[in-house]
Structure formats: C-alpha cells, structure tokens
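J.: Here you go, my_file_8.tsv (TSV, C-alpha atoms):
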chain	number	residue	atom	x	y	z
Q	1	MET	CA	14.29	-47.88	30.84
Q	2	LYS	CA	17.28	-46.43	28.95
Q	3	ASN	CA	16.34	-42.87	29.98
Q	4	THR	CA	16.05	-43.99	33.62
Q	5	LEU	CA	19.51	-45.59	33.56
Q	6	LEU	CA	20.96	-42.48	31.92
Q	7	THR	CA	19.43	-40.25	34.58
Q	8	ILE	CA	20.81	-42.45	37.36
Q	9	SER	CA	24.25	-42.41	35.73
Q	10	VAL	CA	24.22	-38.60	35.48
Q	11	LEU	CA	23.12	-38.26	39.09
Q	12	LEU	CA	25.87	-40.61	40.28
Q	13	THR	CA	28.47	-38.66	38.29
Q	14	MET	CA	27.27	-35.35	39.71
Q	15	SER	CA	27.31	-36.79	43.20
Q	16	SER	CA	30.90	-37.98	42.73
Q	17	LEU	CA	31.96	-34.53	41.53
Q	18	VAL	CA	30.28	-32.83	44.47
Q	19	ASN	CA	31.96	-35.22	46.90
Q	20	ALA	CA	35.32	-34.65	45.25
Q	21	GLN	CA	34.91	-30.89	45.56
Q	22	GLN	CA	33.92	-31.19	49.20
Q	23	THR	CA	36.98	-33.30	50.04
Q	24	ALA	CA	39.44	-31.30	47.90
Q	25	LYS	CA	42.03	-29.03	49.48
Q	26	PRO	CA	43.65	-25.84	48.17
Q	27	GLU	CA	47.01	-27.63	48.31
Q	28	ASP	CA	45.83	-30.14	45.68
Q	29	THR	CA	46.28	-27.56	42.92
Q	30	GLU	CA	49.41	-25.83	44.23
Q	31	GLN	CA	52.59	-26.35	42.20
Q	32	TRP	CA	55.88	-25.46	43.91
Q	33	THR	CA	58.38	-26.57	41.28
Q	34	PRO	CA	60.06	-25.57	39.13
Q	35	VAL	CA	60.82	-22.22	40.77
Q	36	PRO	CA	61.12	-19.43	38.15
Q	37	VAL	CA	64.59	-17.94	37.86
Q	38	LYS	CA	64.77	-14.48	39.40
Q	39	VAL	CA	65.47	-11.72	36.86
Q	40	ASP	CA	66.12	-8.02	37.43
Q	41	PRO	CA	63.55	-6.50	35.01
Q	42	GLY	CA	65.61	-3.38	34.36
Q	43	ASN	CA	64.01	-0.08	33.40
Q	44	ALA	CA	63.72	2.34	30.50
Q	45	THR	CA	67.49	2.55	30.10
Q	46	LYS	CA	68.64	-0.75	31.62
Q	47	ALA	CA	68.07	-4.16	30.02
Q	48	PRO	CA	66.75	-7.13	32.01
Q	49	SER	CA	69.54	-9.04	33.73
Q	50	ASP	CA	69.13	-12.10	31.47
Q	51	ALA	CA	69.14	-10.08	28.22
Q	52	ILE	CA	71.89	-9.84	25.63
Q	53	VAL	CA	72.68	-6.17	25.02
Q	54	LEU	CA	73.03	-5.64	21.28
Q	55	PHE	CA	73.86	-1.94	21.53
Q	56	ASP	CA	75.06	-0.19	24.68
Q	57	GLY	CA	75.61	3.23	23.15
Q	58	LYS	CA	79.35	2.77	22.68
Q	59	ASN	CA	80.09	0.67	19.60
Q	60	LEU	CA	78.71	-1.77	17.04
Q	61	ASN	CA	80.87	-4.73	18.07
Q	62	GLN	CA	77.76	-6.94	18.20
Q	63	TRP	CA	76.96	-6.15	14.55
Q	64	ILE	CA	78.61	-6.94	11.21
Q	65	SER	CA	78.26	-5.95	7.61
Q	66	PRO	CA	76.96	-8.98	5.65
Q	67	LYS	CA	78.88	-7.62	2.67
Q	68	THR	CA	82.31	-7.73	4.31
Q	69	GLY	CA	81.97	-9.74	7.51
Q	70	GLU	CA	83.63	-6.84	9.33
Q	71	THR	CA	82.18	-4.72	12.15
Q	72	ALA	CA	79.13	-2.76	10.97
Q	73	PRO	CA	80.09	0.60	9.40
Q	74	TRP	CA	77.08	2.64	10.51
Q	75	ILE	CA	77.71	5.87	12.47
Q	76	VAL	CA	77.91	5.73	16.29
Q	77	GLU	CA	77.58	9.09	18.03
Q	78	ASN	CA	76.18	10.39	21.34
Q	79	GLY	CA	74.88	7.00	22.47
Q	80	ILE	CA	72.98	6.20	19.28
Q	81	PHE	CA	73.82	4.78	15.87
Q	82	THR	CA	72.53	5.87	12.50
Q	83	VAL	CA	72.27	4.25	9.08
Q	84	LYS	CA	75.16	5.19	6.81
Q	85	PRO	CA	73.36	5.21	3.46
Q	86	GLY	CA	74.92	3.05	0.80
Q	87	THR	CA	76.82	0.75	3.15
Q	88	GLY	CA	74.10	-1.92	3.23
Q	89	ASN	CA	72.23	-3.74	5.96
Q	90	ILE	CA	73.84	-4.71	9.25
Q	91	ARG	CA	73.38	-8.00	11.09
Q	92	THR	CA	73.99	-9.36	14.58
Q	93	ARG	CA	77.03	-11.58	14.98
Q	94	GLU	CA	74.98	-13.95	17.11
Q	95	LYS	CA	72.10	-15.99	15.70
Q	96	PHE	CA	68.66	-16.20	17.29
Q	97	ALA	CA	65.42	-18.16	17.02
Q	98	ASP	CA	62.57	-17.62	19.55
Q	99	CYS	CA	63.22	-14.27	21.21
Q	100	GLN	CA	62.00	-11.11	22.88
Q	101	LEU	CA	63.45	-7.95	21.33
Q	102	HIS	CA	63.41	-4.37	22.56
Q	103	ILE	CA	64.59	-1.71	20.11
Q	104	GLU	CA	64.23	2.06	19.91
Q	105	TRP	CA	64.29	3.97	16.62
Q	106	ARG	CA	63.93	7.48	15.28
Q	107	THR	CA	63.26	8.88	11.82
Q	108	PRO	CA	65.11	12.12	10.99
Q	109	ALA	CA	63.59	15.42	12.10
Q	110	GLY	CA	62.59	17.61	9.18
Q	111	ILE	CA	62.58	14.67	6.80
Q	112	LYS	CA	61.29	15.26	3.28
Q	113	GLY	CA	59.54	12.82	0.97
Q	114	GLU	CA	56.35	10.83	1.15
Q	115	GLY	CA	55.07	7.27	1.10
Q	116	GLN	CA	57.89	4.75	1.41
Q	117	ASP	CA	60.47	7.51	0.85
Q	118	ARG	CA	60.25	8.89	4.38
Q	119	GLY	CA	62.51	7.50	7.11
Q	120	ASN	CA	62.45	3.97	5.76
Q	121	SER	CA	64.30	1.11	7.43
Q	122	GLY	CA	63.29	-2.30	8.75
Q	123	ILE	CA	63.99	-4.95	11.37
Q	124	PHE	CA	64.38	-8.45	9.97
Q	125	PHE	CA	63.98	-11.40	12.34
Q	126	MET	CA	66.10	-14.35	11.27
Q	127	GLU	CA	67.22	-12.14	8.36
Q	128	LYS	CA	63.92	-12.90	6.61
Q	129	TYR	CA	60.82	-11.56	8.34
Q	130	GLU	CA	60.50	-7.76	8.31
Q	131	LEU	CA	58.90	-5.45	10.83
Q	132	GLN	CA	58.64	-2.09	9.04
Q	133	VAL	CA	60.27	1.13	10.26
Q	134	LEU	CA	58.89	4.29	8.64
Q	135	ASP	CA	57.55	7.74	9.49
Q	136	ASN	CA	53.76	7.39	9.40
Q	137	TYR	CA	52.66	10.03	11.90
Q	138	THR	CA	50.80	11.76	9.07
Q	139	ASN	CA	52.52	10.18	6.07
Q	140	VAL	CA	50.22	7.89	4.06
Q	141	THR	CA	51.39	4.72	2.31
Q	142	TYR	CA	49.95	1.27	1.65
Q	143	SER	CA	48.67	-0.04	4.99
Q	144	ASN	CA	50.69	-3.26	5.00
Q	145	GLY	CA	53.83	-1.20	4.42
Q	146	GLN	CA	53.51	1.39	7.17
Q	147	ALA	CA	55.28	1.44	10.55
Q	148	GLY	CA	54.13	-1.45	12.73
Q	149	SER	CA	53.27	-3.63	9.75
Q	150	ILE	CA	54.77	-7.01	8.98
Q	151	TYR	CA	55.87	-5.76	5.61
Q	152	LYS	CA	53.52	-6.70	2.75
Q	153	GLN	CA	51.72	-9.19	5.06
Q	154	PHE	CA	49.93	-7.74	8.09
Q	155	ILE	CA	48.50	-4.25	8.65
Q	156	PRO	CA	49.04	-2.90	12.19
Q	157	LEU	CA	45.94	-2.91	14.38
Q	158	VAL	CA	46.37	0.84	14.96
Q	159	ASN	CA	48.77	3.63	13.96
Q	160	ALA	CA	50.78	4.29	17.14
Q	161	CYS	CA	53.45	6.49	15.53
Q	162	ARG	CA	55.07	9.45	17.20
Q	163	LYS	CA	56.12	12.52	15.22
Q	164	GLU	CA	59.20	12.51	13.01
Q	165	GLY	CA	62.38	13.06	15.02
Q	166	GLU	CA	60.90	11.54	18.20
Q	167	TRP	CA	62.12	8.25	19.67
Q	168	GLN	CA	59.83	5.26	19.26
Q	169	THR	CA	59.92	1.75	20.69
Q	170	TYR	CA	59.17	-1.73	19.46
Q	171	ASP	CA	58.79	-4.58	21.93
Q	172	VAL	CA	58.50	-7.86	20.06
Q	173	ILE	CA	57.87	-11.52	20.87
Q	174	PHE	CA	59.02	-13.65	17.94
Q	175	THR	CA	58.46	-17.40	17.59
Q	176	ALA	CA	60.65	-19.01	14.95
Q	177	PRO	CA	59.18	-21.28	12.28
Q	178	LYS	CA	59.76	-25.00	12.60
Q	179	PHE	CA	60.42	-27.41	9.78
Q	180	ASN	CA	60.08	-31.16	9.24
Q	181	ALA	CA	63.09	-33.31	8.40
Q	182	ASP	CA	62.21	-33.09	4.70
Q	183	GLY	CA	62.26	-29.28	4.82
Q	184	SER	CA	58.51	-28.81	4.72
Q	185	LEU	CA	56.89	-26.36	7.13
Q	186	LEU	CA	55.80	-27.79	10.48
Q	187	SER	CA	54.67	-24.52	12.09
Q	188	PRO	CA	54.90	-20.92	10.83
Q	189	ALA	CA	56.72	-18.03	12.46
Q	190	ARG	CA	54.56	-15.94	14.79
Q	191	ILE	CA	55.02	-12.40	16.02
Q	192	THR	CA	53.51	-10.04	18.59
Q	193	VAL	CA	54.49	-6.36	18.44
Q	194	LEU	CA	53.93	-3.44	20.79
Q	195	HIS	CA	54.65	-0.08	19.17
Q	196	ASN	CA	55.18	2.63	21.77
Q	197	ASN	CA	53.55	0.25	24.30
Q	198	VAL	CA	50.47	-0.21	22.09
Q	199	LEU	CA	49.63	-3.66	20.67
Q	200	VAL	CA	49.80	-3.53	16.87
Q	201	GLN	CA	50.40	-7.21	15.95
Q	202	ASN	CA	48.72	-9.89	18.05
Q	203	ASN	CA	50.47	-13.25	17.66
Q	204	VAL	CA	50.00	-13.31	13.88
Q	205	SER	CA	51.24	-16.33	11.90
Q	206	LEU	CA	53.56	-15.14	9.15
Q	207	LYS	CA	52.95	-16.27	5.58
Q	208	GLY	CA	56.66	-16.69	4.88
Q	209	ALA	CA	59.79	-14.63	4.30
Q	210	THR	CA	59.29	-10.97	3.38
Q	211	GLU	CA	59.10	-10.30	-0.35
Q	212	TYR	CA	58.98	-6.89	-2.06
Q	213	ILE	CA	57.49	-8.46	-5.19
Q	214	GLY	CA	55.42	-11.64	-5.16
Q	215	GLN	CA	53.97	-13.84	-2.47
Q	216	PRO	CA	55.84	-14.85	0.69
Q	217	SER	CA	56.93	-18.46	1.14
Q	218	TYR	CA	59.03	-20.59	3.48
Q	219	SER	CA	62.28	-22.44	2.97
Q	220	ALA	CA	63.84	-24.45	5.76
Q	221	HIS	CA	66.44	-22.70	7.91
Q	222	GLY	CA	67.85	-22.63	11.41
Q	223	PRO	CA	68.66	-19.71	13.75
Q	224	LEU	CA	69.84	-16.56	11.95
Q	225	GLY	CA	70.74	-12.99	12.84
Q	226	ILE	CA	68.67	-9.90	13.51
Q	227	GLU	CA	69.16	-7.57	10.54
Q	228	LEU	CA	68.61	-3.81	10.25
Q	229	GLN	CA	67.94	-2.34	6.84
Q	230	ASP	CA	69.82	0.38	5.00
Q	231	HIS	CA	67.05	1.94	2.88
Q	232	SER	CA	69.15	5.05	2.11
Q	233	HIS	CA	67.55	7.03	4.96
Q	234	LYS	CA	69.37	8.23	8.11
Q	235	VAL	CA	67.24	6.35	10.63
Q	236	SER	CA	68.76	6.08	14.11
Q	237	TYR	CA	68.65	3.30	16.73
Q	238	ARG	CA	69.48	2.95	20.41
Q	239	ASN	CA	68.91	0.79	23.52
Q	240	ILE	CA	68.67	-2.61	21.82
Q	241	TRP	CA	68.49	-5.82	23.81
Q	242	ILE	CA	67.25	-9.35	23.20
Q	243	ARG	CA	66.23	-12.33	25.35
Q	244	LYS	CA	66.37	-15.88	24.02
Q	245	LEU	CA	63.13	-17.71	24.78
What would the structure in this file look like if it were written as structure tokens?
T.:
Amino acid sequence: MKNTLLTISVLLTMSSLVNAQQTAKPEDTEQWTPVPVKVDPGNATKAPSDAIVLFDGKNLNQWISPKTGETAPWIVENGIFTVKPGTGNIRTREKFADCQLHIEWRTPAGIKGEGQDRGNSGIFFMEKYELQVLDNYTNVTYSNGQAGSIYKQFIPLVNACRKEGEWQTYDVIFTAPKFNADGSLLSPARITVLHNNVLVQNNVSLKGATEYIGQPSYSAHGPLGIELQDHSHKVSYRNIWIRKL
C-alpha cells in the first residue's frame, strides 16, 4: 500500500512539473533590472573607463614611500618606472579591498644571477599578500617562489614567463579577507591570476599574509594599499590600473 501511494505521489509531482513546463513562457525567466552600467573596456594601452589609473607613464603621484610618506622615489623614464634599489618598497596612496588589477612588468635584459637573485620584485595586495615577480623563463628556483606563484603558498599552474627583458602582464582578481567582530577570520582572501593571458592561479584561498620564514597567518585588517617590492633589482613597471569590485 505504501509503495502504491508513493508511486501515485511521484506521478502527480511529475504531472505537475510537465504542466508547469507546458504553460511556462520565456518571459518568466527574463530579468530586466538592474541594468549593468556601461563601461568602455579600453585596450592594450587604455584602461577601462571605470578604472583608477595608478601609473600613466608620467609620474608616481599615486605612489608613496612607506618610509617617508613622500612621493615614491623610484625612477620614471620613457613611460615606465623602475625600482631604485635601496629606497624600499612603494605603496599606493589609496587603499583597496576587493579589486581587479592590471600591471605590466619587465626584468632587466642581460640580467645575471640565479634562483631568487634574478629580477626579483613582488606585488603585495593589501600590503600583505604577495604575487611573485621574477625571471623564470629558464631560471630554476623553488616552485612556490617563482613568477606567478603566491609566494611561499601556491605554485603556478604553468610557467607562462617570457624571456628576460620582455614585457609581461598580470591580470588579477583579488577578494579581500573578511573578519568577525572579535578579529577572527570569517573568510580568507582569494586570488585569480592570469600571467601573459594564461591562467596560473585559479581562485585559490590564501593561507594568510606572506611570510619569508614560517607559516602564513591572518590578523584582522581593513583596506590597505597595493605595494611593490624593492628587492634590490632594477625591475620595471608600466600601464597599471585597478578597478574596485
């Protein structure tokens, strides 16, 4: 008896679904609002119309030296800027959380050295979470420390490096970590990275702030700047823009 009732119930449910499908209209699943804001997507040399341009080839007014609070002292020349070794990292004046970042970088042509001593720099999101910059076209180092890695945390899916002295791109989607009122972690930071248009980090959940020695961990914080690393190598940057998400 129970099996009979169950069968009848299933048949009635299926019949209702079939009837609903037969009476449904395409319009039932159309959503007309909200209407997405129109954005000029730009091109290889022009940022999207809703982006904040962090370097336009002219000056470093958008960047400061954390040491002094003054405008960043790195060298601007011919539409690019280059690390001035020994002056320290530079940081955006504005603070960011969830964002999309486009940045182009180049290790020096004819560079000497090997391992980590070869065109080393880094891009820190929220001043804490490092995406490695390094020449790894043929240069071998530890895999979670090569270009495209989330330093000391995540190995890139592939090595998409161009040769030393050639311009390279990172396109990054970064989701900021969130914290509870007591400072404990609610949700970790996440990052997706395309290196020269090739996916190398696929929405990975970061283990915490970048550490050179020891394990990464989180401490509560709000929006912070984008920071570029002075690792004593003359790495160059250009065409940097960011979109708040």
J.: Determine the nearest neighbour of Gln132 in chain Q from the options Q:Arg91, Q:Arg238, Q:Lys152, Q:Arg162, counting all atoms listed in the file.
T.: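 Smallest separation from Gln132 in chain Q among the options: Q:Lys152.
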J.: Can you tell me, as a PyMOL selection string, what residues are no more than 6 Å from Gly115 in chain Q when counting all atoms listed in the file, ignoring any on the same chain fewer than 2 positions away?
T.: chain Q and resi 117+140-141
J.: My list of candidates is Q:Glu130, Q:Asp98, Q:Glu104, Q:Glu166. Which is closest to Gln153 in chain Q when distances are computed with all atoms listed in the file?
T.: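 The answer is Q:Glu130, which sits nearest to Gln153 in chain Q.
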J.: Could you please give me, as a PyMOL selection string, the residues of protein, DNA or RNA lying at most 9 Å from (72.7, 4.2, -1.0) in the coordinate frame of the file, considering all atoms listed in the file?
T.: chain Q and resi 84-88+230-233
J.: Looking at Q:Asp50, Q:Glu227, Q:Glu94, Q:Glu164, which one is nearest to Glu127 in chain Q, with distances taken over all atoms listed in the file?
T.: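 Of Q:Asp50, Q:Glu227, Q:Glu94, Q:Glu164, the one nearest Glu127 in chain Q, counting all atoms listed in the file, is Q:Glu227.
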J.: Between Q:Ser219, Q:Thr138, Q:Asn159, Q:Ser143, single out the one closest to Pro177 in chain Q, counting only C-alpha atoms.
T.: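 Closest candidate: Q:Ser219.
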J.: Which one is closest to Gln215 in chain Q: Q:Asn78, Q:Glu30, Q:Asp40, Q:Tyr151? Count only C-alpha atoms.
T.: Q:Tyr151
J.: Between Q:Thr92, Q:Thr68, Q:Ser205, Q:Thr169, single out the one closest to Ala44 in chain Q, counting only C-alpha atoms.
T.: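 With only C-alpha atoms as the atom set, the closest residue is Q:Thr169.
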J.: Counting all atoms listed in the file, which residues come within 12 Å of (55.3, -4.9, 21.1), with the point read in the file's coordinates, and could you list them as an NGL selection string?
T.: :Q and (100-104 or 131 or 148-149 or 156-157 or 160 or 168-174 or 191-203)
J.: List the neighbours of Asn136 in chain Q out to 7 Å using only C-alpha atoms; skip same-chain residues closer than 4 positions along the sequence, and give me the result as a PyMOL selection string.
T.: chain Q and resi 140+146-147+161
J.: Create the file for the chosen residues now, containing C-alpha atoms and written as a short mmCIF file (atom, residue, chain, number, x, y, z; two decimals), in the coordinates of the input.
T.:
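Wrote it out as result_32.cif, contents follow:
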data_model
loop_
_atom_site.label_atom_id
_atom_site.label_comp_id
_atom_site.auth_asym_id
_atom_site.auth_seq_id
_atom_site.Cartn_x
_atom_site.Cartn_y
_atom_site.Cartn_z
CA VAL Q 140 50.22 7.89 4.06
CA GLN Q 146 53.51 1.39 7.17
CA ALA Q 147 55.28 1.44 10.55
CA CYS Q 161 53.45 6.49 15.53
#
